[in-house]
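J.: Handing you a structure now.
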Number of protein chains: 2
Amino acid sequence: MAATVTYVTEYRESVRSLLKERLLDAAYELVTGNGWAGLRMAHIATTAGVSRQTVYTEYGTKDAIGQALVMREVERFLTGIAQHLDAHRDDPQDAFEAAVGYTLAAAAENPLLKSILTSSRGGDDDLLAHLTTRSEPLIDTASAMLEAHTGEAWPQVAAADRALAVETAVRLSVSHIVQPVGPPEVSAARIALAVIRVARLPER
Amino acid sequence: MAATVTYVTEYRESVRSLLKERLLDAAYELVTGNGWAGLRMAHIATTAGVSRQTVYTEYGTKDAIGQALVMREVERFLTGIAQHLDAHRDDPQDAFEAAVGYTLAAAAENPLLKSILTSSRGGDDDLLAHLTTRSEPLIDTASAMLEAHTGEAWPQVAAADRALAVETAVRLSVSHIVQPVGPPEVSAARIALAVIRVARLPER
DNA sequence: CTTTAGTGTCCAAAAACTAGACATCGGCTC
DNA sequence: GAGCCGATGTCTAGTTTTTGGACACTAAAG
């Protein structure tokens with residue numbers, strides 16, 4: 001048939017994303033149940049109802065699945081964060097405090113994050129790495145989203161200041177997620193204050 | 001490879017139902033835009049992003065698509081109907097009046113139904129037939145759901161009476177959808193009264 | 001050192017989808 | 001009414017995706 005040019009890509013893409021979601025759903029379930037080290041590629045395949053090869057075709061390595069798993073969870077957080085920011089468009093400090101507070105509280109009872117943090121105490125820190133030593137994708141994604149969001153709400157802050165403030169917020173939040181000290185609200189207030197100063201905004 | 005027995009059916013089924021939904025979505029859009037007669041199998045295919053053959057493999061004939069389109073809409077109505085019935089578990093007459101009233105009102109502004117009814121005035125009555133001369137699947141589905149639902153709520157009514165009352169309600173509702181007289185609330189009250197008497201229940 | 005159990009690669013066969021060609025039929029025009 | 005359209009529905013060869021099994025490799029357990 002020579003050229004099956006097939007700009008019919010859209011349907012196939014939706015099938016692909018259905019597959020990817022199913023695989024992540026399976027991985028999520030298995031990780032929260034038995035931890036990352038207990039996760040077998042073969043189990044992901046059978047749980048999702050596909051062959052093991054299909055898992056490899058879609059996500060090359062087990063590590064890529066961990067990455068995708070963490071990133072999907074990050075994106076879910078981001079939608080909640082956006083809502084909390086929107087609720088305080090008038091006051092940046094309130095907005096950050098609310099958003100960070102939500103993040104820390106939600107993180108503390110998130111099944112995937114709990115699994116990552118508890119199982120890493122047994123030397124199983126592959127997944128944890130995506131939050132620490134290999135967190136560049138996370139920080140980039142979260143920062144980009146927050147920059148776009150805050151850029152709209154607070155145009156008075158210079159772009160460079162905003163970028164620095166946002167990255168600071170993200171890194172401090174992740175830090176407090178993996179190593180909490182005290183109640184989330186207190187941490188949130190402290191992070192918000194730090195961020196406001198980095199952004200050179202007036203304190204409340 | 002001898003026997004690729006493949007009881008991996010579940011993933012494939014979810015892909016299939018994704019495909020079926022996409023095809024119905026495409027058909028819905030095209031029908032509400034240009035009417036049933038203006039609908040081409042080829043358009044459904046391109047809108048859904050698959051080949052024409054795939055449409056035929058999935059739904060054999062154009063008529064089967066019409067059937068599926070109507071049945072999907074019926075099922076959507078049924079969930080709304082169930083909620084209205086639940087809101088009046090204490091009084092059957094109130095329950096039917098509320099459920100039928102909702103049905104007639106929602107039907108009057110449903111895009112697909114509007115398209116069926118208006119385009120049928122031009123002789124294009126293939127889709128309308130699924131509501132009239134070939135409505136057995138509709139009536140069976142709706143009756144079965146309503147019997148199950150009312151059987152739980154009103155065990156005091158004999159099964160035969162309940163079956164008759166439910167079928168009456170369904171047929172009268174469909175009749176008023178395709179041929180309305182007066183405002184929905186009035187029709188709903190009249191239908192509810194008729195149904196109560198058919199069921200040999202005390203009137204309000 | 002050997003066994004075991006997992007990851008990741010390779011490949012032939014099966015299944016799903018595509019893109020044509022084609023037979024058929026009802027409606028229109030002349 | 002004959003011939004032409006434009007559509008539905010069938011058929012088939014070719015392409016892409018998925019499967020399931022074999023295999024090399026590695027790390028951990030005995």
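By convention here, the chains of the structure tokens are called A, B, ... in the order presented, each chain's residues are numbered starting at 1, and ligands are numbered starting at 1 in the order presented.
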Give one line per residue of chain A that approaches chain B to at most 7 Å, naming the two atoms of the closest pair and their distance in Å to one decimal, counting only C-alpha atoms; sort by chain then ascending residue number and deliver it as CSV.

T.:
residue,atom,partner,partner_atom,distance
A:Val8,CA,B:Gly49,CA,5.2
A:Glu10,CA,B:Gly49,CA,6.1
A:Tyr11,CA,B:Gly49,CA,5.3
A:Val15,CA,B:Val15,CA,6.6
A:Ala48,CA,B:Tyr11,CA,6.9
A:Gly49,CA,B:Tyr11,CA,5.2
A:Val50,CA,B:Val8,CA,6.3

J.: What are the closest atom pairs, with distances in Å to one decimal, for all residues of chain D lying within 12 Å of chain A? Consider only C-alpha atoms (C1' of nucleotides), order rows by chain and residue number, and present the result as a tab-separated table.

T.:
residue	atom	partner	partner_atom	distance
D:DA13	C1'	A:Met1	CA	8.2
D:DG14	C1'	A:Met1	CA	5.6
D:DT15	C1'	A:Thr4	CA	7.2
D:DT16	C1'	A:Thr4	CA	9.9
D:DT17	C1'	A:Thr54	CA	9.2
D:DT18	C1'	A:Thr54	CA	6.8
D:DT19	C1'	A:Ser51	CA	6.4
D:DG20	C1'	A:Ser51	CA	7.8
D:DG21	C1'	A:Gln53	CA	10.8

J.: For the selection you just gave me, I'd like the residues written to a file as a PDB file, in the first residue's frame, keeping N, CA and C atoms (P, O5', C5', C4', C3', O3' and C1' of nucleotides).

T.:
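Full text of result.pdb as output:
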ATOM      1  P    DA D  13      -6.040 -11.011  -0.971  1.00  0.00           P
ATOM      2  O5'  DA D  13      -4.769 -10.086  -1.198  1.00  0.00           O
ATOM      3  C5'  DA D  13      -4.814  -9.039  -2.174  1.00  0.00           C
ATOM      4  C4'  DA D  13      -4.037  -7.844  -1.648  1.00  0.00           C
ATOM      5  C3'  DA D  13      -2.719  -8.227  -0.980  1.00  0.00           C
ATOM      6  O3'  DA D  13      -1.754  -7.237  -1.303  1.00  0.00           O
ATOM      7  C1'  DA D  13      -4.056  -7.072   0.556  1.00  0.00           C
ATOM      8  P    DG D  14      -0.247  -7.385  -0.816  1.00  0.00           P
ATOM      9  O5'  DG D  14      -0.094  -6.194   0.222  1.00  0.00           O
ATOM     10  C5'  DG D  14      -0.448  -4.875  -0.173  1.00  0.00           C
ATOM     11  C4'  DG D  14      -0.391  -3.964   1.036  1.00  0.00           C
ATOM     12  C3'  DG D  14       0.884  -4.124   1.871  1.00  0.00           C
ATOM     13  O3'  DG D  14       1.276  -2.842   2.325  1.00  0.00           O
ATOM     14  C1'  DG D  14      -0.978  -4.493   3.240  1.00  0.00           C
ATOM     15  P    DT D  15       2.697  -2.609   3.010  1.00  0.00           P
ATOM     16  O5'  DT D  15       2.303  -1.980   4.416  1.00  0.00           O
ATOM     17  C5'  DT D  15       1.432  -0.850   4.451  1.00  0.00           C
ATOM     18  C4'  DT D  15       1.074  -0.534   5.887  1.00  0.00           C
ATOM     19  C3'  DT D  15       2.264  -0.575   6.852  1.00  0.00           C
ATOM     20  O3'  DT D  15       2.264   0.647   7.577  1.00  0.00           O
ATOM     21  C1'  DT D  15       0.478  -1.904   7.668  1.00  0.00           C
ATOM     22  P    DT D  16       3.368   0.951   8.695  1.00  0.00           P
ATOM     23  O5'  DT D  16       2.537   0.599  10.013  1.00  0.00           O
ATOM     24  C5'  DT D  16       1.321   1.307  10.258  1.00  0.00           C
ATOM     25  C4'  DT D  16       0.745   0.838  11.572  1.00  0.00           C
ATOM     26  C3'  DT D  16       1.731   0.861  12.736  1.00  0.00           C
ATOM     27  O3'  DT D  16       1.057   1.450  13.830  1.00  0.00           O
ATOM     28  C1'  DT D  16       0.750  -1.283  12.548  1.00  0.00           C
ATOM     29  P    DT D  17       1.806   1.697  15.262  1.00  0.00           P
ATOM     30  O5'  DT D  17       1.168   0.537  16.157  1.00  0.00           O
ATOM     31  C5'  DT D  17      -0.247   0.460  16.267  1.00  0.00           C
ATOM     32  C4'  DT D  17      -0.627  -0.746  17.087  1.00  0.00           C
ATOM     33  C3'  DT D  17       0.141  -0.893  18.403  1.00  0.00           C
ATOM     34  O3'  DT D  17      -0.819  -1.135  19.400  1.00  0.00           O
ATOM     35  C1'  DT D  17       0.242  -2.908  17.177  1.00  0.00           C
ATOM     36  P    DT D  18      -0.415  -1.249  20.974  1.00  0.00           P
ATOM     37  O5'  DT D  18      -0.439  -2.830  21.195  1.00  0.00           O
ATOM     38  C5'  DT D  18      -1.652  -3.531  20.992  1.00  0.00           C
ATOM     39  C4'  DT D  18      -1.393  -5.012  21.098  1.00  0.00           C
ATOM     40  C3'  DT D  18      -0.634  -5.414  22.370  1.00  0.00           C
ATOM     41  O3'  DT D  18      -1.462  -6.291  23.119  1.00  0.00           O
ATOM     42  C1'  DT D  18       0.250  -6.482  20.439  1.00  0.00           C
ATOM     43  P    DT D  19      -0.910  -7.060  24.424  1.00  0.00           P
ATOM     44  O5'  DT D  19      -0.449  -8.442  23.801  1.00  0.00           O
ATOM     45  C5'  DT D  19      -1.365  -9.217  23.044  1.00  0.00           C
ATOM     46  C4'  DT D  19      -0.704 -10.490  22.570  1.00  0.00           C
ATOM     47  C3'  DT D  19      -0.047 -11.302  23.691  1.00  0.00           C
ATOM     48  O3'  DT D  19      -0.632 -12.587  23.720  1.00  0.00           O
ATOM     49  C1'  DT D  19       1.421 -11.030  21.836  1.00  0.00           C
ATOM     50  P    DG D  20      -0.602 -13.407  25.089  1.00  0.00           P
ATOM     51  O5'  DG D  20       0.641 -14.390  24.896  1.00  0.00           O
ATOM     52  C5'  DG D  20       0.647 -15.249  23.767  1.00  0.00           C
ATOM     53  C4'  DG D  20       2.040 -15.829  23.589  1.00  0.00           C
ATOM     54  C3'  DG D  20       2.707 -16.291  24.879  1.00  0.00           C
ATOM     55  O3'  DG D  20       3.513 -17.398  24.550  1.00  0.00           O
ATOM     56  C1'  DG D  20       4.084 -14.762  23.848  1.00  0.00           C
ATOM     57  P    DG D  21       3.404 -18.727  25.367  1.00  0.00           P
ATOM     58  O5'  DG D  21       4.872 -19.361  25.277  1.00  0.00           O
ATOM     59  C5'  DG D  21       5.386 -19.640  23.997  1.00  0.00           C
ATOM     60  C4'  DG D  21       6.745 -18.977  23.801  1.00  0.00           C
ATOM     61  C3'  DG D  21       7.819 -19.342  24.829  1.00  0.00           C
ATOM     62  O3'  DG D  21       8.632 -20.366  24.289  1.00  0.00           O
ATOM     63  C1'  DG D  21       7.990 -17.117  23.988  1.00  0.00           C
TER      64       DG D  21
END

J.: So the first atom is atom CA of A:Ala159 and the second is atom CA of A:Ala142; what is the distance between them in Å, to one decimal place?

T.: 16.2 Å

J.: What does the distance between atom C1' of C:DA23 and atom C1' of D:DT8 come to in Å, to one decimal place?

T.: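 Separation between atom C1' of C:DA23 and atom C1' of D:DT8: 10.7 Å.
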
J.: Identify which of the residues D:DC4, D:DA24, D:DT10, D:DG30 lies closest to C:DT24, counting only C-alpha atoms (C1' of nucleotides) when measuring atom-to-atom distances.

T.: D:DT10

J.: Just need the residues of chain C within 9 Å of chain A, counting only C-alpha atoms (C1' of nucleotides), so spit them out as a PyMOL selection string.

T.: chain C and resi 6-8+18-20

J.: Next, write the just-selected residues to a file, as a short mmCIF file (atom, residue, chain, number, x, y, z; two decimals), in the first residue's frame, keeping C-alpha atoms (C1' of nucleotides) as the atom set.

T.:
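Result file follows (part-v1.cif):
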data_model
loop_
_atom_site.label_atom_id
_atom_site.label_comp_id
_atom_site.auth_asym_id
_atom_site.auth_seq_id
_atom_site.Cartn_x
_atom_site.Cartn_y
_atom_site.Cartn_z
"C1'" DG C 6 14.27 -10.51 37.85
"C1'" DT C 7 15.30 -6.79 33.79
"C1'" DG C 8 15.65 -5.73 29.18
"C1'" DT C 18 -6.28 0.99 6.79
"C1'" DA C 19 -7.10 2.04 2.05
"C1'" DG C 20 -8.41 0.90 -1.73
#

J.: Please list as a list in words every residue within 6 Å of stretch 115-119 of chain A, counting only C-alpha atoms (C1' of nucleotides) and excluding residues in the same chain fewer than 5 positions away.

T.: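 Here the qualifying residues turn out to be Thr32, Asp124 and Leu128 of chain A.
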
J.: What residues in stretch 54-172 of chain B get the DSSP label helix (DSSP H, G or I)? Please answer as a PyMOL selection string.

T.: chain B and resi 54-59+62-86+92-108+111-122+128-131+136-153+159-172

J.: Do you have the atom CA of A:Ile81-atom CA of A:Val181 distance handy?

T.: 20.9 Å

J.: Can you list, as JSON, numbers by chain, every protein, DNA or RNA residue that comes within 12 Å of C:DC30 when you count only C-alpha atoms (C1' of nucleotides), leaving out same-chain residues fewer than 4 positions away?

T.: {"D": [1, 2, 3, 4]}

J.: Pick from C:DA21, C:DT2, C:DT9, C:DA14: nearest to D:DT12, with only C-alpha atoms (C1' of nucleotides) counted?

T.: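 Checking each of C:DA21, C:DT2, C:DT9, C:DA14 against D:DT12, counting only C-alpha atoms (C1' of nucleotides), the winner is C:DA21.
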
J.: Considering only C-alpha atoms (C1' of nucleotides), return as a list in words whatever protein or nucleic-acid residues lie within 12 Å of D:DA28, sequence-local ones (same chain, fewer than 4 positions apart) excluded.

T.: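 Skipping anything fewer than 4 positions along the chain leaves DT3, DT4, DA5 and DG6 of chain C.
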